[in-house]
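Listing of target-v3.cif, mmCIF, C-alpha atoms
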```cif
data_coords
#
loop_
_atom_site.group_PDB
_atom_site.id
_atom_site.type_symbol
_atom_site.label_atom_id
_atom_site.label_comp_id
_atom_site.auth_asym_id
_atom_site.auth_seq_id
_atom_site.Cartn_x
_atom_site.Cartn_y
_atom_site.Cartn_z
ATOM 1 C CA MET A 693 100.927 55.191 77.073
ATOM 2 C CA MET A 694 97.740 56.047 78.998
ATOM 3 C CA LEU A 695 99.733 57.723 81.802
ATOM 4 C CA LYS A 696 101.721 59.680 79.243
ATOM 5 C CA ASN A 697 98.648 60.987 77.414
ATOM 6 C CA GLU A 698 96.099 61.154 80.269
ATOM 7 C CA TRP A 699 98.223 61.931 83.355
ATOM 8 C CA VAL A 700 96.095 64.940 84.346
ATOM 9 C CA LEU A 701 92.925 62.826 84.255
ATOM 10 C CA CYS A 702 94.636 60.056 86.253
ATOM 11 C CA ILE A 703 95.701 62.463 89.008
ATOM 12 C CA TYR A 704 92.225 64.020 89.083
ATOM 13 C CA ALA A 705 90.501 60.632 89.411
ATOM 14 C CA VAL A 706 92.843 59.378 92.161
ATOM 15 C CA LEU A 707 92.361 62.548 94.239
ATOM 16 C CA LEU A 708 88.589 62.365 93.710
ATOM 17 C CA MET A 709 88.604 58.776 94.962
ATOM 18 C CA THR A 710 90.769 59.799 97.910
ATOM 19 C CA GLY A 711 88.147 62.321 98.990
ATOM 20 C CA PHE A 712 85.299 59.879 98.502
ATOM 21 C CA ASN A 713 87.045 57.095 100.425
ATOM 22 C CA PHE A 714 87.787 59.428 103.332
ATOM 23 C CA LEU A 715 84.081 60.330 103.348
ATOM 24 C CA SER A 716 82.973 56.721 103.318
ATOM 25 C CA HIS A 717 85.472 55.219 105.764
ATOM 26 C CA GLY A 718 85.434 58.303 107.969
ATOM 27 C CA SER A 719 81.695 57.954 108.492
ATOM 28 C CA GLN A 720 81.565 54.153 108.834
ATOM 29 C CA ASP A 721 84.671 52.479 110.244
ATOM 30 C CA LEU A 722 84.582 53.990 113.720
ATOM 31 C CA TYR A 723 80.835 54.574 113.910
ATOM 32 C CA PRO A 724 79.889 51.618 116.196
ATOM 33 C CA THR A 725 82.809 52.479 118.492
ATOM 34 C CA TYR A 726 81.636 56.095 118.563
ATOM 35 C CA LEU A 727 78.110 55.079 119.618
ATOM 36 C CA LYS A 728 79.320 52.764 122.367
ATOM 37 C CA THR A 729 82.234 54.812 123.700
ATOM 38 C CA THR A 730 81.138 58.417 123.295
ATOM 39 C CA LYS A 731 77.357 58.035 123.458
ATOM 40 C CA GLY A 732 77.193 55.114 125.866
ATOM 41 C CA LEU A 733 74.863 52.955 123.735
ATOM 42 C CA SER A 734 74.797 49.176 124.073
ATOM 43 C CA SER A 735 76.330 46.917 121.426
ATOM 44 C CA HIS A 736 72.838 45.938 120.279
ATOM 45 C CA SER A 737 71.732 49.558 119.858
ATOM 46 C CA ALA A 738 74.954 50.438 118.031
ATOM 47 C CA THR A 739 74.390 47.526 115.643
ATOM 48 C CA VAL A 740 70.797 48.531 114.930
ATOM 49 C CA ALA A 741 71.809 52.156 114.331
ATOM 50 C CA THR A 742 74.500 50.962 111.901
ATOM 51 C CA ILE A 743 71.922 48.893 110.019
ATOM 52 C CA ILE A 744 69.613 51.910 109.805
ATOM 53 C CA GLY A 745 72.517 53.934 108.417
ATOM 54 C CA ASN A 746 73.114 51.280 105.767
ATOM 55 C CA CYS A 747 69.445 51.462 104.797
ATOM 56 C CA GLY A 748 69.997 55.170 104.216
ATOM 57 C CA ALA A 749 72.989 54.285 102.014
ATOM 58 C CA ILE A 750 70.834 52.006 99.851
ATOM 59 C CA ALA A 751 68.105 54.624 99.530
ATOM 60 C CA GLY A 752 70.647 57.324 98.690
ATOM 61 C CA GLY A 753 72.320 55.217 96.017
ATOM 62 C CA VAL A 754 69.010 54.473 94.290
ATOM 63 C CA ALA A 755 67.827 58.088 94.444
ATOM 64 C CA ALA A 756 71.129 59.600 93.307
ATOM 65 C CA GLY A 757 71.448 57.208 90.387
ATOM 66 C CA TRP A 758 67.990 58.120 89.120
ATOM 67 C CA ILE A 759 68.541 61.857 89.601
ATOM 68 C CA SER A 760 71.966 61.814 87.906
ATOM 69 C CA GLN A 761 70.369 60.549 84.699
ATOM 70 C CA ARG A 762 68.421 63.814 84.560
ATOM 71 C CA LEU A 763 70.605 66.433 86.255
ATOM 72 C CA GLY A 764 74.011 65.039 85.305
ATOM 73 C CA ARG A 765 76.705 63.308 87.319
ATOM 74 C CA ARG A 766 78.622 66.248 88.780
ATOM 75 C CA LEU A 767 75.582 68.272 89.861
ATOM 76 C CA THR A 768 74.049 65.262 91.604
ATOM 77 C CA ILE A 769 77.320 64.444 93.392
ATOM 78 C CA ILE A 770 77.584 68.059 94.554
ATOM 79 C CA LEU A 771 73.982 68.202 95.802
ATOM 80 C CA PHE A 772 74.213 64.952 97.752
ATOM 81 C CA THR A 773 77.607 65.870 99.213
ATOM 82 C CA LEU A 774 76.304 69.263 100.326
ATOM 83 C CA SER A 775 73.435 67.484 102.106
ATOM 84 C CA ILE A 776 76.030 65.691 104.255
ATOM 85 C CA GLY A 777 77.028 68.959 105.885
ATOM 86 C CA ALA A 778 73.415 69.716 106.744
ATOM 87 C CA TRP A 779 73.080 66.475 108.737
ATOM 88 C CA ILE A 780 76.392 66.537 110.640
ATOM 89 C CA PRO A 781 74.786 68.190 113.724
ATOM 90 C CA LEU A 782 72.200 65.368 113.878
ATOM 91 C CA TRP A 783 75.116 62.939 113.660
ATOM 92 C CA ILE A 784 77.083 64.230 116.662
ATOM 93 C CA LEU A 785 74.851 66.299 118.980
ATOM 94 C CA PRO A 786 71.996 63.989 120.130
ATOM 95 C CA ASN A 787 72.333 61.389 122.858
ATOM 96 C CA SER A 788 69.169 59.359 122.249
ATOM 97 C CA PHE A 789 69.129 56.254 120.078
ATOM 98 C CA GLY A 790 66.356 57.519 117.800
ATOM 99 C CA ALA A 791 68.037 60.806 116.933
ATOM 100 C CA LEU A 792 71.444 59.202 116.436
ATOM 101 C CA ALA A 793 69.964 56.534 114.164
ATOM 102 C CA ALA A 794 68.217 59.249 112.138
ATOM 103 C CA GLY A 795 71.526 61.095 111.816
ATOM 104 C CA ALA A 796 73.192 57.901 110.581
ATOM 105 C CA PHE A 797 70.434 57.374 107.999
ATOM 106 C CA PHE A 798 70.676 60.849 106.493
ATOM 107 C CA ILE A 799 74.485 61.041 106.594
ATOM 108 C CA GLN A 800 74.763 57.735 104.741
ATOM 109 C CA PHE A 801 71.986 58.804 102.375
ATOM 110 C CA GLY A 802 74.242 61.661 101.292
ATOM 111 C CA VAL A 803 77.593 59.845 101.413
ATOM 112 C CA GLN A 804 76.560 56.685 99.594
ATOM 113 C CA GLY A 805 74.171 58.559 97.335
ATOM 114 C CA ALA A 806 77.108 60.543 95.969
ATOM 115 C CA TRP A 807 79.149 57.326 95.923
ATOM 116 C CA GLY A 808 76.486 55.537 93.877
ATOM 117 C CA ILE A 809 77.232 57.776 90.887
ATOM 118 C CA ILE A 810 80.978 57.214 90.962
ATOM 119 C CA PRO A 811 81.149 53.918 88.986
ATOM 120 C CA VAL A 812 79.371 55.317 85.939
ATOM 121 C CA HIS A 813 80.998 58.748 86.300
ATOM 122 C CA LEU A 814 84.513 57.268 86.307
ATOM 123 C CA ASN A 815 83.633 54.937 83.471
ATOM 124 C CA GLU A 816 82.411 57.821 81.344
ATOM 125 C CA LEU A 817 85.576 59.815 82.102
ATOM 126 C CA SER A 818 87.873 56.886 81.298
ATOM 127 C CA PRO A 819 90.139 56.799 78.252
ATOM 128 C CA ALA A 820 88.177 54.634 75.802
ATOM 129 C CA GLY A 821 90.802 51.916 75.531
ATOM 130 C CA PHE A 822 91.094 51.562 79.335
ATOM 131 C CA ARG A 823 87.457 51.882 80.362
ATOM 132 C CA SER A 824 87.610 48.677 82.438
ATOM 133 C CA THR A 825 90.995 49.235 84.081
ATOM 134 C CA PHE A 826 90.910 52.976 84.753
ATOM 135 C CA PRO A 827 88.003 53.160 87.291
ATOM 136 C CA GLY A 828 89.303 50.236 89.358
ATOM 137 C CA VAL A 829 92.878 51.479 89.528
ATOM 138 C CA ALA A 830 91.765 55.018 90.410
ATOM 139 C CA TYR A 831 89.500 53.669 93.163
ATOM 140 C CA GLN A 832 92.145 51.397 94.678
ATOM 141 C CA LEU A 833 94.817 54.104 94.716
ATOM 142 C CA GLY A 834 92.394 56.523 96.378
ATOM 143 C CA ASN A 835 91.415 53.819 98.854
ATOM 144 C CA MET A 836 95.086 53.225 99.663
ATOM 145 C CA VAL A 837 95.639 56.921 100.434
ATOM 146 C CA SER A 838 92.583 57.025 102.705
ATOM 147 C CA SER A 839 93.251 53.694 104.432
ATOM 148 C CA ALA A 840 94.442 55.394 107.623
ATOM 149 C CA SER A 841 91.156 57.233 108.207
ATOM 150 C CA ALA A 842 90.131 55.075 111.199
ATOM 151 C CA GLN A 843 93.582 55.424 112.782
ATOM 152 C CA ILE A 844 93.471 59.188 112.256
ATOM 153 C CA GLU A 845 90.086 59.383 114.001
ATOM 154 C CA ALA A 846 91.200 57.122 116.854
ATOM 155 C CA THR A 847 94.356 59.139 117.450
ATOM 156 C CA ALA A 848 92.457 62.425 117.269
ATOM 157 C CA GLY A 849 89.872 61.037 119.697
ATOM 158 C CA ASP A 850 92.575 60.339 122.251
ATOM 159 C CA ASN A 851 93.499 64.024 122.182
ATOM 160 C CA LEU A 852 89.985 65.489 121.836
ATOM 161 C CA ARG A 853 87.920 64.270 124.767
ATOM 162 C CA THR A 854 84.531 64.858 126.332
ATOM 163 C CA THR A 855 82.730 63.942 129.567
ATOM 164 C CA ILE A 856 79.680 61.654 129.695
ATOM 165 C CA TYR A 857 77.513 60.272 132.463
ATOM 166 C CA ASN A 858 77.877 56.493 132.836
ATOM 167 C CA LYS A 859 74.538 55.059 133.947
ATOM 168 C CA ALA A 860 76.115 51.754 134.954
ATOM 169 C CA THR A 861 78.552 53.305 137.423
ATOM 170 C CA GLY A 862 76.593 56.459 138.220
ATOM 171 C CA LYS A 863 79.683 58.557 137.588
ATOM 172 C CA TYR A 864 80.951 60.985 134.992
ATOM 173 C CA GLU A 865 83.709 59.704 132.770
ATOM 174 C CA GLU A 866 86.117 61.293 130.332
ATOM 175 C CA VAL A 867 85.977 59.543 126.937
ATOM 176 C CA PRO A 868 87.265 60.183 123.396
ATOM 177 C CA ASP A 869 85.032 62.620 121.529
ATOM 178 C CA TYR A 870 84.738 60.539 118.380
ATOM 179 C CA GLY A 871 81.603 62.399 117.307
ATOM 180 C CA LYS A 872 83.371 65.729 116.985
ATOM 181 C CA VAL A 873 86.367 64.084 115.295
ATOM 182 C CA GLN A 874 84.150 62.369 112.737
ATOM 183 C CA GLY A 875 82.182 65.561 112.153
ATOM 184 C CA ILE A 876 85.374 67.518 111.396
ATOM 185 C CA LEU A 877 86.772 64.833 109.086
ATOM 186 C CA ILE A 878 83.500 64.391 107.203
ATOM 187 C CA GLY A 879 83.017 68.144 106.860
ATOM 188 C CA VAL A 880 86.538 68.734 105.506
ATOM 189 C CA PHE A 881 86.368 65.994 102.890
ATOM 190 C CA ALA A 882 82.791 66.816 101.919
ATOM 191 C CA ALA A 883 84.005 70.326 101.085
ATOM 192 C CA PHE A 884 86.965 68.875 99.177
ATOM 193 C CA VAL A 885 84.734 66.541 97.128
ATOM 194 C CA VAL A 886 82.384 69.411 96.223
ATOM 195 C CA LEU A 887 85.230 71.649 95.043
ATOM 196 C CA TRP A 888 87.110 68.865 93.247
ATOM 197 C CA THR A 889 83.961 67.669 91.475
ATOM 198 C CA LEU A 890 83.137 71.237 90.496
ATOM 199 C CA ILE A 891 86.430 71.743 88.646
ATOM 200 C CA GLY A 892 86.322 68.332 86.994
ATOM 201 C CA ASP A 893 84.925 67.196 83.672
ATOM 202 C CA GLU A 894 81.765 65.282 82.832
ATOM 203 C CA LYS A 895 80.915 63.068 79.873
ATOM 204 C CA HIS A 896 77.351 62.143 80.734
ATOM 205 C CA GLY A 897 75.916 59.526 78.391
ATOM 206 C CA ARG A 898 79.225 58.776 76.685
ATOM 207 C CA HIS A 899 79.136 55.801 74.324
ATOM 208 C CA PHE A 900 81.953 53.303 73.835
ATOM 209 C CA GLU A 901 80.368 51.090 71.175
ATOM 210 C CA ASN A 902 82.786 52.085 68.428
ATOM 211 C CA ALA A 903 85.842 52.613 70.638
ATOM 212 C CA LYS A 904 88.779 50.215 70.409
ATOM 213 C CA LEU A 905 90.317 48.432 73.367
ATOM 214 C CA ALA A 906 93.863 49.357 74.335
ATOM 215 C CA ILE A 907 95.261 46.128 72.872
ATOM 216 C CA GLU A 908 93.434 46.800 69.612
ATOM 217 C CA GLU A 909 94.818 50.334 69.453
ATOM 218 C CA ASP A 910 98.300 48.945 70.089
ATOM 219 C CA LYS A 911 97.938 46.419 67.272
ATOM 220 C CA ALA A 912 96.594 49.119 64.988
ATOM 221 C CA GLY A 913 99.580 51.330 65.814
ATOM 222 C CA LYS A 914 102.012 48.511 65.063
ATOM 223 C CA GLY A 915 100.159 47.776 61.831
ATOM 224 C CA GLU A 916 100.483 51.403 60.748
ATOM 225 C CA LYS A 917 104.228 51.331 61.488
ATOM 226 C CA ASP A 918 104.619 48.111 59.446
ATOM 227 C CA GLU A 919 102.690 49.605 56.537
ATOM 228 C CA ALA A 920 104.862 52.741 56.662
ATOM 229 C CA SER A 921 108.009 50.599 56.679
ATOM 230 C CA ILE A 922 106.771 48.645 53.662
ATOM 231 C CA ARG A 923 105.934 51.852 51.797
ATOM 232 C CA ASN A 924 109.392 53.281 52.513
ATOM 233 C CA SER A 925 111.037 50.075 51.299
ATOM 234 C CA GLN A 926 108.950 50.091 48.134
ATOM 235 C CA GLU A 927 109.851 53.730 47.493
ATOM 236 C CA ARG A 928 113.571 52.938 47.894
ATOM 237 C CA ASP A 929 113.280 49.989 45.491
ATOM 238 C CA SER A 930 111.430 52.174 43.014
ATOM 239 C CA ASP A 931 114.122 54.875 43.163
ATOM 240 C CA LYS A 932 116.827 52.229 42.711
ATOM 241 C CA SER A 933 115.066 50.809 39.645
ATOM 242 C CA GLU A 934 114.839 54.260 38.105
ATOM 243 C CA ASP A 935 118.573 54.834 38.686
ATOM 244 C CA ILE A 936 119.416 51.508 37.056
ATOM 245 C CA GLU A 937 117.319 52.397 34.023
ATOM 246 C CA ARG A 938 119.112 55.753 33.724
ATOM 247 C CA GLY A 939 122.461 53.969 34.075
ATOM 248 C CA SER A 940 123.542 56.005 37.077
ATOM 249 C CA ILE A 941 124.090 52.808 39.098
ATOM 250 C CA ASN A 942 124.362 49.131 38.237
ATOM 251 C CA GLU A 943 122.222 46.319 39.678
ATOM 252 C CA LYS A 944 124.625 45.920 42.612
ATOM 253 C CA GLY A 945 123.944 49.511 43.661
ATOM 254 C CA LYS A 946 127.336 50.870 42.468
ATOM 255 C CA ALA A 947 128.037 53.522 39.875
ATOM 256 C CA PRO A 948 129.440 52.234 36.519
ATOM 257 C CA GLN A 949 133.225 52.453 36.092
ATOM 258 C CA GLY A 950 132.930 55.176 33.469
ATOM 259 C CA ALA A 951 130.804 57.269 35.757
ATOM 260 C CA GLN A 952 133.292 56.804 38.579
ATOM 261 C CA HIS A 953 136.161 57.850 36.264
ATOM 262 C CA ILE A 954 134.298 61.005 35.244
ATOM 263 C CA GLU A 955 133.619 61.839 38.865
ATOM 264 C CA ASP A 956 137.308 61.368 39.718
ATOM 265 C CA ILE A 957 138.295 63.746 36.952
#
```
Please re-express this file's structure in structure tokens.
Amino acid sequence: MMLKNEWVLCIYAVLLMTGFNFLSHGSQDLYPTYLKTTKGLSSHSATVATIIGNCGAIAGGVAAGWISQRLGRRLTIILFTLSIGAWIPLWILPNSFGALAAGAFFIQFGVQGAWGIIPVHLNELSPAGFRSTFPGVAYQLGNMVSSASAQIEATAGDNLRTTIYNKATGKYEEVPDYGKVQGILIGVFAAFVVLWTLIGDEKHGRHFENAKLAIEEDKAGKGEKDEASIRNSQERDSDKSEDIERGSINEKGKAPQGAQHIEDI
């Protein structure tokens, strides 16, 4: 019933989650590999830079949640997603650990800041009777569509390559340019999320206190059908009683013999 009545909203939410999951996985899954392969950092440095990026994600989520209570969900998502584009150069151009770690912090500040609003935003958009099921299903379907993001980046990296200087061997080497690949993917889906959020709806501060659950609405619908059936039956019995009183039919529901004879004539 929900899909029948809310199919436009369902499609909107799944595509929104597809964009968000591409943003998240596209900026995280291959990031340590990118630092080690394309930038030549050690495993330890790549791990520390990833941790710094996750600190940015925490800070972004806290800040975006607070701001969205005042500016609204959609505007906050748009602002934080736009900030991602501003930090993409710091994500892919530097070669030093400090600059790359700073790029990771600010990229994740924007990505996970926008993400931090999604649970409440989807919940507020949900059909009242499915407010627990709708956000989770929309997220998982979007996550399924975007599940190949790491494979897409790895395949693209094999075809888009760059040359780096390997300090260990003292030679130049050709390696996958994961930085440029990630920058393109993040930029494309950041633009998609901004546009898709812009055309969507918002129900900031929506209350569900008086809303019925889906099972309660179903029971109520069945109850209304039963009441209607009872009313129709009572009306038929009432009409039958009136006909009996007028003598047009007998108690068995048949016309009297005299009436049948008159009708035959």
So which residues get picked by the PyMOL selection byres ((chain A and resi 739-750) around 9) here, written as a PyMOL selection string? chain A and resi 720+723-724+727+734-738+751-755+789-790+792-805+808
Residues at most 10 Å from A:Leu785, counting all atoms listed in the file, excluding those fewer than 3 positions away in the same chain, as a ChimeraX atom specification? /A:731,780-782,788,791-792,795,871-872
What do you get, as a list in words, if you spell out every residue that the PyMOL selection byres ((chain A and resi 857) around 12) selects here? Thr729, Thr730, Lys731, Gly732, Leu733, Asn787, Thr854, Thr855, Ile856, Asn858, Lys859, Ala860, Thr861, Gly862, Lys863, Tyr864, Glu865, Glu866 and Val867 of chain A
Please report the interatomic distance between atom CA of A:Ile776 and atom CA of A:Ile878 in Å with one decimal.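 Separating atom CA of A:Ile776 from atom CA of A:Ile878 is a distance of 8.1 Å.
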Residue nearest A:Ala756 among A:Ala840, A:Lys728, A:Trp807, A:Val829 (counting all atoms listed in the file): A:Trp807
